[in-house]
Amino acid sequence: MGVQTEPTPHEGAALAPRSVSQWGTIGQSFAIGPIFGVGFLSGTVAVFAGFNTPLAVLLAGAGAFALAYVLAMYGRRFAGAGAVYEYLAHGTRSSVGIIGAGTYVTGLLFLGAGGGFVAEGYLLNNLLAGELSLQLGWAPWALLSLAAAIGLNWVGVRIGVRTIVFTAGLSVAPFLVIAVAVIADGGAAGNTIAVLDPGQTSLNDVFHGILFAVALFIGFETVAALGEEATAPRRTIPTAMIVSIVVCGCFFVLMTYVGAIGFGRVALQHNAWYASGNPFGELGQRYVGHALGWIVNLTIVLDLFSVCVAFTLAASRVLMALSRDRLLPAGLGRTSRRFRTPAGGLATIAAWSLVVIGWAAISHYGAARHIPNVLEAVLILSAAGSYLITLVYVVLAIGGLWLAWTDSDRRRLWWRIPVVLIAIAVPVLSFDGSLNPFPQYPDDIAVYAAAAGVGLTLVWYVALRIWRSAAVAVAARHAERVLAPADEAPGVGS
């Protein structure tokens, strides 16, 4: 075939110099969206786990912690704007990195950097219509939140991260007030550790709850996209991943305990948690006062917006990294001359989000489930994104086996391998629970959309192998240039 020269990167693909501190990376890792997860998603777990919802969340948190440790092993070795793209390309093979990157960024576009704006518009419209009788429809608010998220990411990474930290910090306060009030009161039938006894429901119910509880933790890995902008990334990024999982995991367990005792065992047998629509707002009104109902709704809206900002930040950088490596068109790799932010990636996300918002506005799938059409559109987009990102989690965890096995320090192998196996098992089980039995119409659309995303990624990869084989061979080379920066000690992580 002859000697192939290494392709040169696109010009204009440089991000701002390292300026994101340890606290900044921790803020970005809170893309998990703890308030949105508790306030909007926890009811889905309760449908299956019932009174044992805290147990299901605790076990899912253990699996998420194992996965965070695996990603920390990657983060100690590699750093770059491409996040899991560089992790997989260097930790396994370049082809795995490229396919994983395509799958991952498609998941981000479905879940947060696209579909999230539809959900934000829906929740914000409901809040304003209920409290201020301002009924403009969800679409204008979705467009406004899209413009705000793109604008914040355009003017700089630190502005975006500060927005995430501010909204998360502001949003947690009313939930903690509710937690204190419910626990002090004893809930419906008193405080109890029976929520951790699977005999209250069944092991099967608990395992089904785990499968949906895993979705509460999706997004912590987006901090890896700050690999070229964070100070000492091989230290700060792995630390941020671990801290976010521990803090959010404790918060999730606390609040699901509050939900379990607040509604009570009997009410949960009739799906009171899921059916509420605003479960913690309802508990706030019941145990604290009427004002907390709308305050909780407001905090969920704020936290979801921070999730949109964080997912947009991550997706735009992965797109830029792929373009910089000649794996995507040059325009996606352009950065703003003034702010040094990924202008091409942000423009692409804005265009995609407009398409998604338009699709959600004309979709009519909600009729089949007797819910608003826009809400069913949100569920489809969220599920499709979750399938794709969870698939990447499985691949990352499998690659973690190789990282653990090839580490020079083999004294820790006896406990590292079990941790990695847990990280593999949890997302695999989540697929089993969500696909067995196979979702019915219209929820099955999410499965087909995710499969189409994987299919398009494979087609893209084959095209690259044919027409840009040199770029494939040296994929993710930019991460190597920051593998051991001068401000860090060499060597692999713990």
# chains A, B, ... in the order shown; residues from 1 in each chain; ligands from 1
>>> residues_around(residues="Ala404 (chain A)", least_positions_apart="3", cutoff="8 Å", atoms="only C-alpha atoms", output="PyMOL selection string")
chain A and resi 400-401+407+413+416-417
>>> residues_around(residues="Phe48 (chain A)", least_positions_apart="4", cutoff="12 Å", atoms="only C-alpha atoms", output="VMD selection string")
chain A and resid 42 to 44 52 to 57 201 to 213 268 to 271 273 to 274 433 to 434
>>> residues_around(residues="Ile193 (chain A)", least_positions_apart="2", cutoff="12 Å", atoms="only C-alpha atoms", output="list in words")
Phe51, Asn52, Pro54, Leu55, Gly190, Asn191, Val195, Leu196, Asp197, Pro198, Gly199, Gln200, Tyr257, Val258, Ala260 and Ile261 of chain A
>>> select_by_dssp(residues="region 224-318 of chain A", states="helix (DSSP H, G or I)", output="JSON, numbers by chain")
{"A": [224, 225, 226, 233, 234, 235, 236, 237, 238, 239, 240, 241, 242, 243, 244, 245, 246, 247, 248, 249, 250, 251, 252, 253, 254, 255, 256, 257, 258, 259, 260, 261, 262, 263, 265, 266, 267, 268, 272, 273, 274, 275, 276, 279, 280, 281, 282, 283, 284, 285, 286, 287, 291, 292, 293, 294, 295, 296, 297, 298, 299, 300, 301, 302, 303, 304, 305, 306, 307, 308, 309, 310, 311, 312, 313, 314, 315, 316, 317, 318]}
>>> residues_around(residues="Ile380 (chain A)", least_positions_apart="3", cutoff="12 Å", atoms="only C-alpha atoms", output="NGL selection string")
:A and (110-111 or 115-116 or 118-119 or 356 or 359-360 or 363-366 or 373-377 or 383-387 or 439-450)
>>> residues_around(residues="Met255 (chain A)", least_positions_apart="5", cutoff="8 Å", atoms="only C-alpha atoms", output="PDB file with all heavy atoms, in the first residue's frame")
ATOM      1  N   VAL A  38     -33.768  13.071  40.712  1.00  0.00           N
ATOM      2  CA  VAL A  38     -34.642  12.771  41.848  1.00  0.00           C
ATOM      3  C   VAL A  38     -36.063  13.249  41.578  1.00  0.00           C
ATOM      4  O   VAL A  38     -37.039  12.518  41.802  1.00  0.00           O
ATOM      5  CB  VAL A  38     -34.090  13.420  43.135  1.00  0.00           C
ATOM      6  CG1 VAL A  38     -35.153  13.443  44.226  1.00  0.00           C
ATOM      7  CG2 VAL A  38     -32.862  12.667  43.620  1.00  0.00           C
ATOM      8  N   PHE A 175     -34.770  20.543  48.452  1.00  0.00           N
ATOM      9  CA  PHE A 175     -34.848  19.090  48.619  1.00  0.00           C
ATOM     10  C   PHE A 175     -34.318  18.666  49.982  1.00  0.00           C
ATOM     11  O   PHE A 175     -34.866  17.753  50.610  1.00  0.00           O
ATOM     12  CB  PHE A 175     -34.083  18.394  47.491  1.00  0.00           C
ATOM     13  CG  PHE A 175     -34.859  18.304  46.208  1.00  0.00           C
ATOM     14  CD1 PHE A 175     -34.904  19.376  45.339  1.00  0.00           C
ATOM     15  CD2 PHE A 175     -35.560  17.155  45.879  1.00  0.00           C
ATOM     16  CE1 PHE A 175     -35.627  19.311  44.161  1.00  0.00           C
ATOM     17  CE2 PHE A 175     -36.288  17.070  44.703  1.00  0.00           C
ATOM     18  CZ  PHE A 175     -36.326  18.157  43.847  1.00  0.00           C
ATOM     19  N   ALA A 179     -36.252  16.735  52.956  1.00  0.00           N
ATOM     20  CA  ALA A 179     -35.684  15.535  53.569  1.00  0.00           C
ATOM     21  C   ALA A 179     -35.702  15.642  55.088  1.00  0.00           C
ATOM     22  O   ALA A 179     -36.111  14.695  55.788  1.00  0.00           O
ATOM     23  CB  ALA A 179     -34.263  15.318  53.065  1.00  0.00           C
TER      24      ALA A 179
END
>>> atom_distance(atom1="CA of Phe251 (chain A)", atom2="CA of Ala72 (chain A)")
21.4 Å
>>> residues_around(residues="Gly63 (chain A)", least_positions_apart="5", cutoff="6 Å", atoms="only C-alpha atoms", output="MDAnalysis selection string")
chainID A and resid 422:423 426
>>> write_last_selection(atoms="C-alpha atoms", output="JSON list (two decimals), in the first residue's frame")
[["chain", "number", "residue", "atom", "x", "y", "z"],
["A", 422, "ILE", "CA", -19.20, -4.99, 38.54],
["A", 423, "ALA", "CA", -18.82, -2.03, 36.16],
["A", 426, "VAL", "CA", -24.56, -3.18, 35.88]]
>>> closest_residue(among="A:Ala113, A:Ala470, A:Ala60, A:Ala89", to="Ile245 (chain A)", atoms="only C-alpha atoms")
A:Ala60
>>> atom_distance(atom1="CA of Pro279 (chain A)", atom2="CA of Pro174 (chain A)")
13.2 Å
>>> residues_around(residues="Val105 (chain A)", least_positions_apart="4", cutoff="9 Å", atoms="only C-alpha atoms", output="ChimeraX atom specification")
/A:100-101,109-110,314-316,318-319,388-389
>>> write_last_selection(atoms="N, CA, C and O atoms", output="PDB file, in the first residue's frame")
ATOM      1  N   GLY A 100     -16.864   4.017  19.185  1.00  0.00           N
ATOM      2  CA  GLY A 100     -17.379   4.445  20.482  1.00  0.00           C
ATOM      3  C   GLY A 100     -17.703   5.920  20.506  1.00  0.00           C
ATOM      4  O   GLY A 100     -18.713   6.339  21.087  1.00  0.00           O
ATOM      5  N   ALA A 101     -16.860   6.736  19.852  1.00  0.00           N
ATOM      6  CA  ALA A 101     -17.099   8.184  19.812  1.00  0.00           C
ATOM      7  C   ALA A 101     -18.376   8.507  19.057  1.00  0.00           C
ATOM      8  O   ALA A 101     -19.178   9.347  19.492  1.00  0.00           O
ATOM      9  N   LEU A 109     -26.481  13.691  21.842  1.00  0.00           N
ATOM     10  CA  LEU A 109     -27.396  14.512  21.060  1.00  0.00           C
ATOM     11  C   LEU A 109     -28.848  14.125  21.310  1.00  0.00           C
ATOM     12  O   LEU A 109     -29.734  14.983  21.362  1.00  0.00           O
ATOM     13  N   PHE A 110     -29.117  12.855  21.465  1.00  0.00           N
ATOM     14  CA  PHE A 110     -30.470  12.420  21.783  1.00  0.00           C
ATOM     15  C   PHE A 110     -30.860  12.827  23.201  1.00  0.00           C
ATOM     16  O   PHE A 110     -31.966  13.309  23.449  1.00  0.00           O
ATOM     17  N   ALA A 314     -19.919  18.983  26.459  1.00  0.00           N
ATOM     18  CA  ALA A 314     -19.204  17.741  26.156  1.00  0.00           C
ATOM     19  C   ALA A 314     -19.333  17.364  24.681  1.00  0.00           C
ATOM     20  O   ALA A 314     -18.340  17.039  24.021  1.00  0.00           O
ATOM     21  N   ALA A 315     -20.561  17.401  24.153  1.00  0.00           N
ATOM     22  CA  ALA A 315     -20.778  16.989  22.763  1.00  0.00           C
ATOM     23  C   ALA A 315     -20.017  17.873  21.785  1.00  0.00           C
ATOM     24  O   ALA A 315     -19.448  17.392  20.803  1.00  0.00           O
ATOM     25  N   SER A 316     -19.981  19.175  22.048  1.00  0.00           N
ATOM     26  CA  SER A 316     -19.290  20.091  21.131  1.00  0.00           C
ATOM     27  C   SER A 316     -17.798  19.800  21.093  1.00  0.00           C
ATOM     28  O   SER A 316     -17.158  19.914  20.038  1.00  0.00           O
ATOM     29  N   VAL A 318     -16.315  16.777  21.753  1.00  0.00           N
ATOM     30  CA  VAL A 318     -16.074  15.504  21.075  1.00  0.00           C
ATOM     31  C   VAL A 318     -16.146  15.705  19.559  1.00  0.00           C
ATOM     32  O   VAL A 318     -15.310  15.185  18.809  1.00  0.00           O
ATOM     33  N   LEU A 319     -17.129  16.479  19.096  1.00  0.00           N
ATOM     34  CA  LEU A 319     -17.226  16.780  17.667  1.00  0.00           C
ATOM     35  C   LEU A 319     -15.972  17.506  17.179  1.00  0.00           C
ATOM     36  O   LEU A 319     -15.444  17.207  16.104  1.00  0.00           O
ATOM     37  N   LEU A 388     -27.692   4.272  23.937  1.00  0.00           N
ATOM     38  CA  LEU A 388     -26.402   4.487  23.264  1.00  0.00           C
ATOM     39  C   LEU A 388     -25.281   4.729  24.258  1.00  0.00           C
ATOM     40  O   LEU A 388     -24.187   4.149  24.141  1.00  0.00           O
ATOM     41  N   ILE A 389     -25.519   5.577  25.242  1.00  0.00           N
ATOM     42  CA  ILE A 389     -24.472   5.878  26.210  1.00  0.00           C
ATOM     43  C   ILE A 389     -24.185   4.670  27.094  1.00  0.00           C
ATOM     44  O   ILE A 389     -23.024   4.381  27.423  1.00  0.00           O
TER      45      ILE A 389
END
>>> closest_residue(among="A:Gly277, A:Gly121, A:Gly259, A:Gly50", to="Ile357 (chain A)", atoms="only C-alpha atoms")
A:Gly121
>>> atom_distance(atom1="CA of Arg234 (chain A)", atom2="CA of Gly75 (chain A)")
5.7 Å
>>> closest_residue(among="A:Gly284, A:Pro140, A:Gly102, A:Pro427", to="Trp460 (chain A)", atoms="only C-alpha atoms")
A:Gly102
>>> closest_residue(among="A:Ala351, A:Ile466, A:Ile300, A:Leu381", to="Ala168 (chain A)", atoms="only C-alpha atoms")
A:Ile300
>>> closest_residue(among="A:Ala129, A:Ala148, A:Ala79, A:Ala142", to="Thr231 (chain A)", atoms="only C-alpha atoms")
A:Ala79
>>> closest_residue(among="A:Thr103, A:Thr222, A:Ser430, A:Ser306", to="Ile164 (chain A)", atoms="only C-alpha atoms")
A:Ser306
>>> decode(residues="region 433-456 of chain A", atoms="N, CA, C and O atoms", output="PDB file, in the first residue's frame")
ATOM      1  N   GLY A 433     -32.983  -5.551  31.535  1.00  0.00           N
ATOM      2  CA  GLY A 433     -34.227  -5.102  32.149  1.00  0.00           C
ATOM      3  C   GLY A 433     -35.046  -4.211  31.251  1.00  0.00           C
ATOM      4  O   GLY A 433     -36.281  -4.257  31.271  1.00  0.00           O
ATOM      5  N   SER A 434     -34.365  -3.382  30.454  1.00  0.00           N
ATOM      6  CA  SER A 434     -35.108  -2.431  29.620  1.00  0.00           C
ATOM      7  C   SER A 434     -35.560  -3.034  28.297  1.00  0.00           C
ATOM      8  O   SER A 434     -36.474  -2.509  27.655  1.00  0.00           O
ATOM      9  N   LEU A 435     -34.937  -4.142  27.872  1.00  0.00           N
ATOM     10  CA  LEU A 435     -35.291  -4.751  26.589  1.00  0.00           C
ATOM     11  C   LEU A 435     -35.992  -6.093  26.733  1.00  0.00           C
ATOM     12  O   LEU A 435     -36.371  -6.701  25.726  1.00  0.00           O
ATOM     13  N   ASN A 436     -36.136  -6.574  27.950  1.00  0.00           N
ATOM     14  CA  ASN A 436     -36.781  -7.860  28.190  1.00  0.00           C
ATOM     15  C   ASN A 436     -37.865  -7.706  29.262  1.00  0.00           C
ATOM     16  O   ASN A 436     -37.556  -7.592  30.443  1.00  0.00           O
ATOM     17  N   PRO A 437     -39.129  -7.622  28.872  1.00  0.00           N
ATOM     18  CA  PRO A 437     -39.647  -7.800  27.511  1.00  0.00           C
ATOM     19  C   PRO A 437     -39.397  -6.575  26.632  1.00  0.00           C
ATOM     20  O   PRO A 437     -39.165  -5.476  27.145  1.00  0.00           O
ATOM     21  N   PHE A 438     -39.459  -6.796  25.330  1.00  0.00           N
ATOM     22  CA  PHE A 438     -39.190  -5.724  24.386  1.00  0.00           C
ATOM     23  C   PHE A 438     -40.257  -4.640  24.526  1.00  0.00           C
ATOM     24  O   PHE A 438     -41.447  -4.935  24.662  1.00  0.00           O
ATOM     25  N   PRO A 439     -39.829  -3.363  24.534  1.00  0.00           N
ATOM     26  CA  PRO A 439     -40.803  -2.262  24.710  1.00  0.00           C
ATOM     27  C   PRO A 439     -41.897  -2.285  23.651  1.00  0.00           C
ATOM     28  O   PRO A 439     -41.663  -2.631  22.496  1.00  0.00           O
ATOM     29  N   GLN A 440     -43.091  -1.898  24.060  1.00  0.00           N
ATOM     30  CA  GLN A 440     -44.220  -1.823  23.147  1.00  0.00           C
ATOM     31  C   GLN A 440     -44.270  -0.443  22.494  1.00  0.00           C
ATOM     32  O   GLN A 440     -43.641   0.507  22.953  1.00  0.00           O
ATOM     33  N   TYR A 441     -45.041  -0.346  21.420  1.00  0.00           N
ATOM     34  CA  TYR A 441     -45.233   0.927  20.735  1.00  0.00           C
ATOM     35  C   TYR A 441     -45.903   1.929  21.689  1.00  0.00           C
ATOM     36  O   TYR A 441     -46.827   1.569  22.421  1.00  0.00           O
ATOM     37  N   PRO A 442     -45.440   3.164  21.715  1.00  0.00           N
ATOM     38  CA  PRO A 442     -44.417   3.795  20.882  1.00  0.00           C
ATOM     39  C   PRO A 442     -43.017   3.797  21.506  1.00  0.00           C
ATOM     40  O   PRO A 442     -42.091   4.358  20.938  1.00  0.00           O
ATOM     41  N   ASP A 443     -42.876   3.167  22.696  1.00  0.00           N
ATOM     42  CA  ASP A 443     -41.565   3.169  23.343  1.00  0.00           C
ATOM     43  C   ASP A 443     -40.516   2.416  22.533  1.00  0.00           C
ATOM     44  O   ASP A 443     -39.316   2.660  22.687  1.00  0.00           O
ATOM     45  N   ASP A 444     -40.948   1.488  21.686  1.00  0.00           N
ATOM     46  CA  ASP A 444     -39.986   0.735  20.879  1.00  0.00           C
ATOM     47  C   ASP A 444     -39.279   1.621  19.858  1.00  0.00           C
ATOM     48  O   ASP A 444     -38.219   1.259  19.338  1.00  0.00           O
ATOM     49  N   ILE A 445     -39.844   2.790  19.578  1.00  0.00           N
ATOM     50  CA  ILE A 445     -39.197   3.713  18.637  1.00  0.00           C
ATOM     51  C   ILE A 445     -37.808   4.091  19.134  1.00  0.00           C
ATOM     52  O   ILE A 445     -36.867   4.263  18.345  1.00  0.00           O
ATOM     53  N   ALA A 446     -37.658   4.202  20.465  1.00  0.00           N
ATOM     54  CA  ALA A 446     -36.354   4.549  21.032  1.00  0.00           C
ATOM     55  C   ALA A 446     -35.321   3.479  20.729  1.00  0.00           C
ATOM     56  O   ALA A 446     -34.148   3.787  20.447  1.00  0.00           O
ATOM     57  N   VAL A 447     -35.722   2.216  20.770  1.00  0.00           N
ATOM     58  CA  VAL A 447     -34.797   1.117  20.457  1.00  0.00           C
ATOM     59  C   VAL A 447     -34.349   1.205  19.007  1.00  0.00           C
ATOM     60  O   VAL A 447     -33.164   1.089  18.683  1.00  0.00           O
ATOM     61  N   TYR A 448     -35.310   1.435  18.118  1.00  0.00           N
ATOM     62  CA  TYR A 448     -34.978   1.526  16.690  1.00  0.00           C
ATOM     63  C   TYR A 448     -34.115   2.760  16.402  1.00  0.00           C
ATOM     64  O   TYR A 448     -33.211   2.711  15.560  1.00  0.00           O
ATOM     65  N   ALA A 449     -34.382   3.863  17.101  1.00  0.00           N
ATOM     66  CA  ALA A 449     -33.574   5.076  16.913  1.00  0.00           C
ATOM     67  C   ALA A 449     -32.145   4.837  17.368  1.00  0.00           C
ATOM     68  O   ALA A 449     -31.184   5.254  16.697  1.00  0.00           O
ATOM     69  N   ALA A 450     -31.981   4.154  18.512  1.00  0.00           N
ATOM     70  CA  ALA A 450     -30.636   3.844  18.999  1.00  0.00           C
ATOM     71  C   ALA A 450     -29.919   2.901  18.042  1.00  0.00           C
ATOM     72  O   ALA A 450     -28.728   3.081  17.739  1.00  0.00           O
ATOM     73  N   ALA A 451     -30.646   1.898  17.535  1.00  0.00           N
ATOM     74  CA  ALA A 451     -30.044   0.965  16.577  1.00  0.00           C
ATOM     75  C   ALA A 451     -29.628   1.699  15.305  1.00  0.00           C
ATOM     76  O   ALA A 451     -28.559   1.428  14.730  1.00  0.00           O
ATOM     77  N   ALA A 452     -30.442   2.653  14.865  1.00  0.00           N
ATOM     78  CA  ALA A 452     -30.094   3.450  13.683  1.00  0.00           C
ATOM     79  C   ALA A 452     -28.839   4.274  13.953  1.00  0.00           C
ATOM     80  O   ALA A 452     -27.986   4.432  13.070  1.00  0.00           O
ATOM     81  N   GLY A 453     -28.724   4.799  15.188  1.00  0.00           N
ATOM     82  CA  GLY A 453     -27.521   5.554  15.541  1.00  0.00           C
ATOM     83  C   GLY A 453     -26.276   4.702  15.462  1.00  0.00           C
ATOM     84  O   GLY A 453     -25.227   5.136  14.941  1.00  0.00           O
ATOM     85  N   VAL A 454     -26.353   3.470  15.955  1.00  0.00           N
ATOM     86  CA  VAL A 454     -25.214   2.562  15.866  1.00  0.00           C
ATOM     87  C   VAL A 454     -24.927   2.211  14.410  1.00  0.00           C
ATOM     88  O   VAL A 454     -23.770   2.178  13.976  1.00  0.00           O
ATOM     89  N   GLY A 455     -25.992   1.972  13.641  1.00  0.00           N
ATOM     90  CA  GLY A 455     -25.816   1.632  12.232  1.00  0.00           C
ATOM     91  C   GLY A 455     -25.141   2.742  11.452  1.00  0.00           C
ATOM     92  O   GLY A 455     -24.203   2.486  10.659  1.00  0.00           O
ATOM     93  N   LEU A 456     -25.575   3.973  11.663  1.00  0.00           N
ATOM     94  CA  LEU A 456     -24.945   5.104  10.970  1.00  0.00           C
ATOM     95  C   LEU A 456     -23.496   5.276  11.392  1.00  0.00           C
ATOM     96  O   LEU A 456     -22.634   5.626  10.570  1.00  0.00           O
TER      97      LEU A 456
END
